[in-house]
Amino acid sequence: MQKASIKISSKCDTVSMWAERKHHEYRSQFGRMGGKIHVQKTTDGFQYSVVVTIRGRQEECIYNVVHLKAECQVRLNNYLYDAKEQVHGRA
């Protein structure tokens, strides 16, 4: 039981590090494009609001939290699928 627990914990750590790297990669790309993030907040648990400056214009972007979670799940599934394929030598 403990061996399985350690294995799952290790996989979670790997996925967490991948997600953190992607997060910083996306923020860096946005910055290189001239964008700047000013404020990030969840207003009511259903919306995620971000105030950004893009090409000199300040804008507020509002996202649906459910859609963001779904997009994250798709990206995570793709990452896990690719990792599995590499382990099995199919990539």
# chains A, B, ... in the order shown; residues from 1 in each chain; ligands from 1
>>> select_by_dssp(residues="chain A", states="helix (DSSP H, G or I)", output="number ranges by chain")
A: 2-32, 65-87
>>> residues_around(residues="segment 47-61 of chain A", least_positions_apart="2", cutoff="9 Å", atoms="only C-alpha atoms", output="list in words")
Phe30, Met33, Gly34, Gly35, Lys36, Ile37, His38, Val39, Gln40, Lys41, Thr42, Thr43, Asp44, Gly45, Tyr63, Asn64, Val65, Val66 and Leu68 of chain A
>>> atom_distance(atom1="atom CA of Ala83 of chain A", atom2="atom CA of Gly31 of chain A")
28.7 Å
>>> residues_around(residues="Arg75 of chain A", least_positions_apart="3", cutoff="12 Å", atoms="only C-alpha atoms", output="PyMOL selection string")
chain A and resi 15+18-19+22-23+68-72+78-82
>>> select_by_dssp(residues="chain A", states="strand (DSSP E)", output="PyMOL selection string")
chain A and resi 36-42+47-54+57-64
>>> write_last_selection(atoms="C-alpha atoms", output="short mmCIF file (atom, residue, chain, number, x, y, z; two decimals), in the first residue's frame")
data_model
loop_
_atom_site.label_atom_id
_atom_site.label_comp_id
_atom_site.auth_asym_id
_atom_site.auth_seq_id
_atom_site.Cartn_x
_atom_site.Cartn_y
_atom_site.Cartn_z
CA LYS A 36 1.49 42.81 -18.62
CA ILE A 37 -0.79 41.21 -16.03
CA HIS A 38 -2.00 43.67 -13.37
CA VAL A 39 -4.72 41.90 -11.38
CA GLN A 40 -5.97 38.32 -11.19
CA LYS A 41 -8.96 37.40 -9.08
CA THR A 42 -11.89 35.07 -8.73
CA GLN A 47 -15.66 33.77 -13.01
CA TYR A 48 -11.94 34.46 -13.16
CA SER A 49 -11.03 38.05 -13.95
CA VAL A 50 -7.66 39.26 -15.23
CA VAL A 51 -6.70 42.89 -15.93
CA VAL A 52 -3.96 43.11 -18.54
CA THR A 53 -2.22 45.64 -20.73
CA ILE A 54 -1.82 44.54 -24.34
CA ARG A 57 -4.37 49.18 -23.99
CA GLN A 58 -5.62 48.00 -20.62
CA GLU A 59 -8.32 45.37 -20.84
CA GLU A 60 -10.21 43.10 -18.47
CA CYS A 61 -10.54 39.48 -19.51
CA ILE A 62 -13.24 37.43 -17.82
CA TYR A 63 -13.13 33.65 -17.96
CA ASN A 64 -15.58 30.97 -16.92
#
>>> atom_distance(atom1="atom CA of Asn77 of chain A", atom2="atom CA of Ser28 of chain A")
23.4 Å
>>> atom_distance(atom1="atom CA of Leu76 of chain A", atom2="atom CA of Glu25 of chain A")
15.5 Å
